[in-house]
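> Contents are mmCIF, C-alpha atoms; file name work33.cif:
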```cif
data_data
loop_
_atom_site.group_PDB
_atom_site.id
_atom_site.type_symbol
_atom_site.label_atom_id
_atom_site.label_comp_id
_atom_site.auth_asym_id
_atom_site.auth_seq_id
_atom_site.Cartn_x
_atom_site.Cartn_y
_atom_site.Cartn_z
ATOM 1 C CA MET A 5 25.004 85.269 25.917
ATOM 2 C CA SER A 6 23.359 84.006 29.080
ATOM 3 C CA ARG A 7 21.672 80.658 29.493
ATOM 4 C CA GLN A 8 17.884 80.980 29.391
ATOM 5 C CA GLN A 9 15.189 78.858 30.957
ATOM 6 C CA GLY A 10 13.335 76.181 29.001
ATOM 7 C CA ARG A 11 14.442 73.687 26.373
ATOM 8 C CA ARG A 12 16.367 75.345 23.593
ATOM 9 C CA THR A 13 15.720 74.245 20.044
ATOM 10 C CA LEU A 14 18.006 73.581 17.130
ATOM 11 C CA GLN A 15 16.555 76.733 15.528
ATOM 12 C CA ASP A 16 17.700 78.771 18.557
ATOM 13 C CA LEU A 17 21.195 77.377 18.138
ATOM 14 C CA ALA A 18 21.205 77.961 14.376
ATOM 15 C CA SER A 19 20.082 81.585 14.844
ATOM 16 C CA ALA A 20 22.805 82.207 17.412
ATOM 17 C CA ALA A 21 25.429 80.671 15.124
ATOM 18 C CA GLY A 22 24.141 82.406 11.987
ATOM 19 C CA LEU A 23 23.887 79.091 10.146
ATOM 20 C CA SER A 24 21.168 77.040 8.507
ATOM 21 C CA LEU A 25 19.480 74.278 10.451
ATOM 22 C CA ALA A 26 21.230 71.628 8.370
ATOM 23 C CA ALA A 27 24.675 73.220 8.741
ATOM 24 C CA THR A 28 24.146 73.578 12.494
ATOM 25 C CA SER A 29 23.101 69.935 12.844
ATOM 26 C CA TYR A 30 26.103 68.702 10.859
ATOM 27 C CA ALA A 31 28.522 70.893 12.818
ATOM 28 C CA LEU A 32 27.063 69.805 16.141
ATOM 29 C CA ARG A 33 27.698 66.188 15.215
ATOM 30 C CA GLY A 34 31.133 66.963 13.762
ATOM 31 C CA LEU A 35 30.150 65.663 10.338
ATOM 32 C CA ARG A 36 30.628 68.802 8.246
ATOM 33 C CA GLY A 37 32.102 72.258 8.605
ATOM 34 C CA SER A 38 35.508 73.636 9.429
ATOM 35 C CA PRO A 39 37.066 72.797 12.806
ATOM 36 C CA ALA A 40 36.487 76.395 13.879
ATOM 37 C CA THR A 41 32.784 76.223 12.944
ATOM 38 C CA ILE A 42 32.306 72.892 14.722
ATOM 39 C CA GLN A 43 33.953 74.237 17.861
ATOM 40 C CA ARG A 44 31.913 77.477 17.764
ATOM 41 C CA VAL A 45 28.602 75.615 17.368
ATOM 42 C CA ARG A 46 29.385 73.258 20.213
ATOM 43 C CA GLU A 47 30.444 76.121 22.482
ATOM 44 C CA LEU A 48 27.209 77.964 21.685
ATOM 45 C CA ALA A 49 25.239 74.788 22.416
ATOM 46 C CA ASP A 50 26.846 74.563 25.849
ATOM 47 C CA GLU A 51 26.234 78.258 26.499
ATOM 48 C CA LEU A 52 22.587 78.039 25.463
ATOM 49 C CA GLY A 53 22.078 74.785 27.314
ATOM 50 C CA TYR A 54 20.977 73.071 24.120
ATOM 51 C CA THR A 55 20.577 69.300 24.235
ATOM 52 C CA VAL A 56 19.193 66.967 21.592
ATOM 53 C CA ASP A 57 15.562 66.053 22.171
ATOM 54 C CA PRO A 58 15.633 62.242 21.803
ATOM 55 C CA ILE A 59 11.905 62.058 21.071
ATOM 56 C CA ALA A 60 12.113 64.657 18.326
ATOM 57 C CA ARG A 61 15.153 62.973 16.844
ATOM 58 C CA ALA A 62 13.407 59.601 16.844
ATOM 59 C CA LEU A 63 10.311 61.047 15.200
ATOM 60 C CA ALA A 64 12.389 62.779 12.537
ATOM 61 C CA SER A 65 14.718 59.898 11.743
ATOM 62 C CA GLY A 66 12.691 56.870 12.725
ATOM 63 C CA ARG A 67 15.606 55.785 14.923
ATOM 64 C CA THR A 68 16.218 56.160 18.641
ATOM 65 C CA GLY A 69 19.992 55.678 18.716
ATOM 66 C CA TRP A 70 19.601 53.039 21.434
ATOM 67 C CA VAL A 71 20.762 49.427 21.249
ATOM 68 C CA GLY A 72 19.695 46.797 23.757
ATOM 69 C CA VAL A 73 22.463 44.661 25.295
ATOM 70 C CA SER A 74 21.533 41.592 27.314
ATOM 71 C CA GLY A 75 23.344 38.701 28.962
ATOM 72 C CA SER A 76 23.673 36.904 32.289
ATOM 73 C CA LEU A 77 25.701 39.465 34.173
ATOM 74 C CA ARG A 78 26.464 37.459 37.299
ATOM 75 C CA ASP A 79 29.046 35.778 35.088
ATOM 76 C CA LEU A 80 32.201 37.911 35.371
ATOM 77 C CA TRP A 81 33.199 37.600 31.726
ATOM 78 C CA GLN A 82 29.711 38.591 30.581
ATOM 79 C CA GLN A 83 29.999 41.743 32.683
ATOM 80 C CA ASP A 84 33.245 42.786 31.043
ATOM 81 C CA PHE A 85 32.022 41.803 27.586
ATOM 82 C CA SER A 86 28.919 43.974 27.973
ATOM 83 C CA VAL A 87 31.147 46.932 28.839
ATOM 84 C CA LEU A 88 33.202 46.343 25.687
ATOM 85 C CA LEU A 89 30.018 46.278 23.595
ATOM 86 C CA THR A 90 28.785 49.562 25.069
ATOM 87 C CA ARG A 91 32.139 51.230 24.402
ATOM 88 C CA ALA A 92 32.073 50.109 20.788
ATOM 89 C CA LEU A 93 28.520 51.413 20.388
ATOM 90 C CA ARG A 94 29.445 54.720 22.008
ATOM 91 C CA GLY A 95 32.258 55.079 19.494
ATOM 92 C CA GLN A 96 29.569 55.028 16.788
ATOM 93 C CA GLY A 97 27.424 57.637 18.525
ATOM 94 C CA ARG A 98 25.018 55.015 19.827
ATOM 95 C CA PHE A 99 23.886 54.313 23.341
ATOM 96 C CA ALA A 100 23.284 51.016 25.109
ATOM 97 C CA THR A 101 20.606 49.929 27.518
ATOM 98 C CA ILE A 102 22.007 46.939 29.437
ATOM 99 C CA ALA A 103 19.758 44.254 30.902
ATOM 100 C CA ASP A 104 20.647 41.260 33.073
ATOM 101 C CA ALA A 105 18.864 38.045 32.069
ATOM 102 C CA ASP A 106 20.407 36.247 35.079
ATOM 103 C CA ALA A 107 20.327 32.839 33.303
ATOM 104 C CA ASP A 108 16.515 32.920 33.530
ATOM 105 C CA PRO A 109 14.446 32.460 30.327
ATOM 106 C CA SER A 110 11.352 34.060 31.903
ATOM 107 C CA LEU A 111 13.390 37.147 32.786
ATOM 108 C CA GLU A 112 14.918 37.161 29.334
ATOM 109 C CA ARG A 113 11.422 37.244 27.827
ATOM 110 C CA ARG A 114 10.571 40.351 29.863
ATOM 111 C CA ILE A 115 13.787 41.975 28.652
ATOM 112 C CA VAL A 116 12.845 41.296 25.036
ATOM 113 C CA GLU A 117 9.409 42.779 25.689
ATOM 114 C CA GLN A 118 11.043 45.857 27.203
ATOM 115 C CA PHE A 119 13.415 46.262 24.254
ATOM 116 C CA ALA A 120 10.392 46.119 21.957
ATOM 117 C CA ALA A 121 8.529 48.726 24.031
ATOM 118 C CA GLN A 122 11.557 51.031 24.005
ATOM 119 C CA ARG A 123 11.785 50.663 20.223
ATOM 120 C CA VAL A 124 15.502 50.036 20.275
ATOM 121 C CA ASP A 125 17.231 50.247 16.901
ATOM 122 C CA GLY A 126 19.047 46.981 17.516
ATOM 123 C CA ALA A 127 19.959 44.362 20.089
ATOM 124 C CA LEU A 128 23.203 42.567 20.951
ATOM 125 C CA VAL A 129 22.275 39.510 22.980
ATOM 126 C CA SER A 130 24.053 36.609 24.657
ATOM 127 C CA PRO A 131 20.915 34.476 24.866
ATOM 128 C CA VAL A 132 19.860 32.302 27.760
ATOM 129 C CA ASP A 133 17.508 30.378 25.496
ATOM 130 C CA PRO A 134 18.307 30.955 21.813
ATOM 131 C CA THR A 135 15.490 28.593 20.749
ATOM 132 C CA ALA A 136 12.703 30.568 22.467
ATOM 133 C CA ASP A 137 9.814 32.009 20.457
ATOM 134 C CA TYR A 138 9.895 35.306 22.375
ATOM 135 C CA TRP A 139 12.737 36.609 20.205
ATOM 136 C CA ARG A 140 10.078 37.146 17.528
ATOM 137 C CA LEU A 141 8.601 39.914 19.692
ATOM 138 C CA LEU A 142 11.309 42.207 18.339
ATOM 139 C CA ASP A 143 10.083 43.824 15.130
ATOM 140 C CA PRO A 144 11.697 42.491 11.929
ATOM 141 C CA SER A 145 13.064 46.014 11.340
ATOM 142 C CA VAL A 146 15.173 45.728 14.519
ATOM 143 C CA ALA A 147 18.689 44.472 13.844
ATOM 144 C CA VAL A 148 19.378 41.629 16.271
ATOM 145 C CA VAL A 149 22.797 40.029 16.685
ATOM 146 C CA SER A 150 23.022 36.897 18.815
ATOM 147 C CA ILE A 151 26.427 36.200 20.340
ATOM 148 C CA GLY A 152 27.360 32.576 20.976
ATOM 149 C CA ASP A 153 24.220 30.919 19.592
ATOM 150 C CA ALA A 154 21.946 31.515 16.605
ATOM 151 C CA LEU A 155 18.338 32.574 17.279
ATOM 152 C CA VAL A 156 16.737 29.747 15.343
ATOM 153 C CA SER A 157 13.174 30.992 15.910
ATOM 154 C CA ARG A 158 13.789 34.520 14.572
ATOM 155 C CA PRO A 159 14.644 34.492 10.864
ATOM 156 C CA GLY A 160 16.779 37.400 9.757
ATOM 157 C CA SER A 161 18.792 37.647 12.962
ATOM 158 C CA SER A 162 22.566 37.804 12.663
ATOM 159 C CA SER A 163 24.967 35.734 14.737
ATOM 160 C CA VAL A 164 28.509 35.643 16.021
ATOM 161 C CA LEU A 165 29.311 32.045 16.849
ATOM 162 C CA PHE A 166 31.862 30.301 19.061
ATOM 163 C CA ASP A 167 33.674 27.083 18.191
ATOM 164 C CA ASN A 168 32.886 25.537 21.566
ATOM 165 C CA GLU A 169 33.462 22.001 20.356
ATOM 166 C CA TYR A 170 37.093 22.911 19.661
ATOM 167 C CA GLY A 171 37.383 24.701 22.994
ATOM 168 C CA VAL A 172 35.980 21.844 25.042
ATOM 169 C CA HIS A 173 38.100 19.274 23.195
ATOM 170 C CA THR A 174 41.276 21.349 23.661
ATOM 171 C CA ALA A 175 40.684 21.749 27.385
ATOM 172 C CA PHE A 176 40.022 18.043 27.937
ATOM 173 C CA ALA A 177 42.983 17.079 25.755
ATOM 174 C CA HIS A 178 45.213 19.276 27.918
ATOM 175 C CA LEU A 179 44.081 17.471 31.060
ATOM 176 C CA ALA A 180 44.326 14.062 29.404
ATOM 177 C CA GLY A 181 47.866 14.865 28.264
ATOM 178 C CA LEU A 182 48.764 15.563 31.882
ATOM 179 C CA GLY A 183 47.512 12.123 32.908
ATOM 180 C CA HIS A 184 44.133 13.094 34.369
ATOM 181 C CA ARG A 185 41.625 10.310 33.905
ATOM 182 C CA ARG A 186 38.819 11.312 36.315
ATOM 183 C CA VAL A 187 37.734 14.889 35.600
ATOM 184 C CA GLY A 188 34.920 17.016 36.952
ATOM 185 C CA LEU A 189 32.888 19.349 34.748
ATOM 186 C CA LEU A 190 31.144 22.444 36.099
ATOM 187 C CA ALA A 191 28.643 23.763 33.557
ATOM 188 C CA PRO A 192 26.368 26.807 33.924
ATOM 189 C CA ALA A 193 22.765 25.885 34.581
ATOM 190 C CA LEU A 194 21.434 27.003 31.171
ATOM 191 C CA PRO A 195 19.073 25.416 28.634
ATOM 192 C CA SER A 196 20.956 23.025 26.361
ATOM 193 C CA THR A 197 21.363 23.887 22.676
ATOM 194 C CA PRO A 198 23.176 22.171 19.796
ATOM 195 C CA GLY A 199 25.933 24.800 19.736
ATOM 196 C CA ARG A 200 26.432 25.184 23.467
ATOM 197 C CA PRO A 201 29.144 23.180 25.280
ATOM 198 C CA ALA A 202 26.568 21.441 27.457
ATOM 199 C CA GLN A 203 26.915 18.137 29.246
ATOM 200 C CA LEU A 204 26.143 15.984 26.199
ATOM 201 C CA LEU A 205 28.893 17.551 24.079
ATOM 202 C CA ALA A 206 31.425 17.435 26.900
ATOM 203 C CA THR A 207 30.568 13.824 27.731
ATOM 204 C CA SER A 208 31.184 12.549 24.204
ATOM 205 C CA ILE A 209 34.480 14.445 23.901
ATOM 206 C CA ALA A 210 35.717 13.241 27.284
ATOM 207 C CA GLU A 211 34.853 9.646 26.405
ATOM 208 C CA SER A 212 36.827 9.882 23.162
ATOM 209 C CA LEU A 213 39.885 10.949 25.185
ATOM 210 C CA GLY A 214 39.569 8.186 27.769
ATOM 211 C CA ILE A 215 38.348 10.514 30.511
ATOM 212 C CA GLU A 216 35.824 9.489 33.140
ATOM 213 C CA LEU A 217 33.649 12.575 33.487
ATOM 214 C CA VAL A 218 31.692 13.744 36.518
ATOM 215 C CA ALA A 219 29.427 16.533 35.247
ATOM 216 C CA ILE A 220 27.325 18.836 37.418
ATOM 217 C CA ALA A 221 25.470 22.109 36.795
ATOM 218 C CA ALA A 222 26.162 25.183 38.880
ATOM 219 C CA PRO A 223 24.802 28.735 39.230
ATOM 220 C CA ALA A 224 26.630 31.353 37.177
ATOM 221 C CA ALA A 225 27.495 33.464 40.222
ATOM 222 C CA THR A 226 30.831 32.545 41.774
ATOM 223 C CA ALA A 227 29.679 32.753 45.408
ATOM 224 C CA GLU A 228 26.655 30.528 44.830
ATOM 225 C CA ALA A 229 28.691 27.980 42.865
ATOM 226 C CA VAL A 230 31.150 27.328 45.728
ATOM 227 C CA GLU A 231 28.813 24.885 47.478
ATOM 228 C CA VAL A 232 28.250 22.935 44.251
ATOM 229 C CA ALA A 233 31.975 22.838 43.603
ATOM 230 C CA SER A 234 32.579 21.637 47.167
ATOM 231 C CA SER A 235 30.263 18.682 46.622
ATOM 232 C CA LEU A 236 32.380 17.663 43.639
ATOM 233 C CA LEU A 237 35.551 17.609 45.731
ATOM 234 C CA ARG A 238 34.269 15.494 48.596
ATOM 235 C CA GLY A 239 35.181 11.855 49.088
ATOM 236 C CA PRO A 240 38.066 9.606 48.086
ATOM 237 C CA GLU A 241 36.863 9.333 44.481
ATOM 238 C CA ARG A 242 37.083 13.044 43.817
ATOM 239 C CA PRO A 243 38.428 14.070 40.387
ATOM 240 C CA THR A 244 42.063 15.054 39.946
ATOM 241 C CA GLY A 245 41.100 17.803 37.531
ATOM 242 C CA VAL A 246 38.114 20.099 36.996
ATOM 243 C CA PHE A 247 37.088 21.823 33.784
ATOM 244 C CA CYS A 248 34.743 24.798 34.234
ATOM 245 C CA LEU A 249 32.731 26.257 31.372
ATOM 246 C CA SER A 250 33.324 29.767 32.700
ATOM 247 C CA ASP A 251 36.078 31.423 34.681
ATOM 248 C CA SER A 252 33.475 32.477 37.263
ATOM 249 C CA LEU A 253 32.922 28.786 38.032
ATOM 250 C CA ALA A 254 36.669 28.153 38.084
ATOM 251 C CA PHE A 255 37.099 30.800 40.781
ATOM 252 C CA ALA A 256 34.415 28.976 42.765
ATOM 253 C CA VAL A 257 36.500 25.787 42.501
ATOM 254 C CA TYR A 258 39.527 27.703 43.812
ATOM 255 C CA ARG A 259 37.571 28.622 46.941
ATOM 256 C CA ALA A 260 36.078 25.136 47.340
ATOM 257 C CA ALA A 261 39.524 23.548 46.989
ATOM 258 C CA ARG A 262 40.967 25.872 49.614
ATOM 259 C CA ASP A 263 38.115 25.065 52.008
ATOM 260 C CA ALA A 264 38.772 21.340 51.438
ATOM 261 C CA GLY A 265 42.470 21.737 52.205
ATOM 262 C CA LEU A 266 43.516 20.972 48.615
ATOM 263 C CA THR A 267 46.479 22.657 46.940
ATOM 264 C CA LEU A 268 46.345 23.801 43.315
ATOM 265 C CA PRO A 269 47.680 22.315 41.124
ATOM 266 C CA ASP A 270 49.361 19.571 43.207
ATOM 267 C CA ASP A 271 46.100 18.093 44.495
ATOM 268 C CA LEU A 272 43.749 19.424 41.843
ATOM 269 C CA SER A 273 44.145 20.896 38.350
ATOM 270 C CA VAL A 274 41.620 23.505 37.212
ATOM 271 C CA ILE A 275 40.815 24.880 33.753
ATOM 272 C CA GLY A 276 38.454 27.776 33.108
ATOM 273 C CA TYR A 277 36.766 29.175 30.023
ATOM 274 C CA ASP A 278 36.831 32.817 28.809
ATOM 275 C CA ASP A 279 40.128 34.216 30.227
ATOM 276 C CA HIS A 280 38.577 36.872 32.448
ATOM 277 C CA GLN A 281 40.957 39.613 33.567
ATOM 278 C CA LEU A 282 41.129 38.052 37.056
ATOM 279 C CA ALA A 283 42.605 34.851 35.605
ATOM 280 C CA VAL A 284 46.125 36.305 35.814
ATOM 281 C CA LEU A 285 45.562 37.776 39.284
ATOM 282 C CA VAL A 286 44.506 34.670 41.208
ATOM 283 C CA GLU A 287 47.152 32.358 42.621
ATOM 284 C CA PRO A 288 48.047 30.166 40.870
ATOM 285 C CA GLY A 289 47.171 31.828 37.566
ATOM 286 C CA LEU A 290 44.207 30.147 35.908
ATOM 287 C CA THR A 291 44.713 27.956 32.854
ATOM 288 C CA THR A 292 41.799 28.828 30.583
ATOM 289 C CA MET A 293 40.422 29.135 27.076
ATOM 290 C CA ALA A 294 40.771 32.717 25.812
ATOM 291 C CA TRP A 295 38.736 34.631 23.244
ATOM 292 C CA ASP A 296 39.784 37.461 20.959
ATOM 293 C CA GLU A 297 37.298 39.815 22.606
ATOM 294 C CA ASP A 298 38.099 42.863 20.471
ATOM 295 C CA ALA A 299 37.472 40.905 17.281
ATOM 296 C CA ILE A 300 34.228 39.431 18.631
ATOM 297 C CA VAL A 301 32.943 42.863 19.673
ATOM 298 C CA ALA A 302 33.855 44.379 16.302
ATOM 299 C CA ALA A 303 32.096 41.550 14.472
ATOM 300 C CA ALA A 304 28.956 41.785 16.626
ATOM 301 C CA VAL A 305 28.598 45.556 16.351
ATOM 302 C CA GLY A 306 29.410 45.412 12.641
ATOM 303 C CA GLN A 307 26.582 42.914 12.079
ATOM 304 C CA LEU A 308 24.063 45.505 13.284
ATOM 305 C CA ASP A 309 24.521 47.535 10.097
ATOM 306 C CA SER A 310 26.001 44.984 7.728
ATOM 307 C CA PRO A 311 24.483 41.527 8.319
ATOM 308 C CA GLY A 312 26.378 38.695 6.718
ATOM 309 C CA ALA A 313 27.583 35.166 7.216
ATOM 310 C CA ALA A 314 28.035 34.326 10.890
ATOM 311 C CA PRO A 315 31.743 34.484 11.811
ATOM 312 C CA LEU A 316 33.038 31.590 13.913
ATOM 313 C CA PHE A 317 35.546 32.357 16.655
ATOM 314 C CA ARG A 318 37.861 29.710 18.108
ATOM 315 C CA PRO A 319 39.251 30.026 21.650
ATOM 316 C CA GLU A 320 42.932 29.604 22.460
ATOM 317 C CA LEU A 321 44.320 27.580 25.358
ATOM 318 C CA VAL A 322 46.339 29.759 27.747
ATOM 319 C CA VAL A 323 48.350 27.585 30.136
ATOM 320 C CA ARG A 324 49.140 29.059 33.523
ATOM 321 C CA GLY A 325 49.847 27.567 36.945
ATOM 322 C CA SER A 326 46.546 25.904 37.776
ATOM 323 C CA THR A 327 47.251 22.671 35.865
ATOM 324 C CA SER A 328 50.000 20.097 36.325
ATOM 325 C CA PRO A 329 50.519 16.326 35.839
ATOM 326 C CA ALA A 330 48.143 14.137 37.825
ATOM 327 C CA ARG A 331 49.572 12.382 40.832
#
```
Rewrite the structure of this file - the entire thing - as structure tokens.


Amino acid sequence: MSRQQGRRTLQDLASAAGLSLAATSYALRGLRGSPATIQRVRELADELGYTVDPIARALASGRTGWVGVSGSLRDLWQQDFSVLLTRALRGQGRFATIADADADPSLERRIVEQFAAQRVDGALVSPVDPTADYWRLLDPSVAVVSIGDALVSRPGSSSVLFDNEYGVHTAFAHLAGLGHRRVGLLAPALPSTPGRPAQLLATSIAESLGIELVAIAAPAATAEAVEVASSLLRGPERPTGVFCLSDSLAFAVYRAARDAGLTLPDDLSVIGYDDHQLAVLVEPGLTTMAWDEDAIVAAAVGQLDSPGAAPLFRPELVVRGSTSPAR
């Protein structure tokens, strides 16, 4: 059978296979039929050049099969996490459209508008501003799962939450236990929320541990954060340790310390947040707070179809070579 011009239909494939439309559809998706039938239908589909018409499928089922994924992708961990989400969706026969909010609420609003226009079936979002009203632009029928913060302005949204208070306290306690009393904090320049480890939360925790904190905001991108990190390390009153609320920012501190002639960890201890895959490749290895990424991804994707109570994930301190006792 030779491939013919024009879009082939499911009826063409069913006629070639000698099956009903329903049996052909099930076999094509591997849901029903013997292994031999499934293989024969798929081989015929390839030979005919049959592909699923996404518009027809959406009209018939009321679903597009697409899920919107958004986050601030200049952060290295967010990049990897978005890949993990898309793989999990693909394993369910779904497809992801990934959008970069770039830590910008105005850009995030346009992404939400685009998701609404594309009529995505669901959205997995690491929000820049979880309190914004624009999340309501997504139809109530769209399953939305917010990762890290709850979308307080969109009732019915699901959440996967992070125990950031525990993570921040554990990181500061590690530095305090090593004798560090003046510590710098590099935080992403994002809107503050009650659940986010922003400057207010970090300040109160540091004070309770007897730490003098020097907190500054920095861009999420590592290259752009180097200059901010350098400003923290200038002068005789520079901190002996730095806690970064992302590994991307910690890598910026590595570069800034090298440019300043400082040695890690002898002159400066550094802790990151997220345990990006590069954390074990830099020298010295980065001490950081690590997440169970597989469990978080499974929980987030599972909430699309089975909303429930928001699970709370707690990070674990992974000690490597970037921290040591203060001089």

> Rank A:Leu285, A:Val187, A:Glu228, A:Arg46 by their smallest atom-to-atom distance to A:Gly34, using all atoms listed in the file, and report the top residue only.

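Ranked by minimum distance to A:Gly34, first place goes to A:Arg46.
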
> Starting from the displayed file, determine the output of the PyMOL selection byres ((chain A and resi 209-222) around 7) and express the residue list as a ChimeraX atom specification.

/A:173,176-177,180,185-193,203,205-208,223-224,229,232

> Take atom CA of A:Thr327 and atom CA of A:Ala225 and report the distance between them in Å, one decimal.

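Interatomic distance here is 22.9 Å.
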
> Edge lengths and centre in Å to one decimal, as AutoDock Vina command-line options, of the axis-aligned box that encloses all listed atoms of stretch 95-100 of chain A with 8 Å added on every side?


```
--center_x 27.8 --center_y 54.3 --center_z 20.9 --size_x 25.0 --size_y 22.6 --size_z 24.3
```

> Using the chain letters and residue numbers of this document, give as JSON, numbers by chain the residues selected by the PyMOL selection byres ((chain A and resi 238) around 12).

{"A": [188, 231, 232, 233, 234, 235, 236, 237, 239, 240, 241, 242, 243, 244, 260, 261, 263, 264, 265, 266]}

> Running the PyMOL selection byres ((chain A and resi 274) around 6) on this model by hand, what would come out? Give it as a ChimeraX atom specification.

/A:245-247,273,275,326-327

> List as a ChimeraX atom specification the protein and nucleic acid residues near stretch 76-90 of chain A, meaning an atom at most 10 Å away when all atoms listed in the file are counted, but skip any in the same chain fewer than 3 places from it.

/A:71-73,93-96,98-108,112,128-132,192,223-227,250-253,277-282,297-298,300-302,304-305
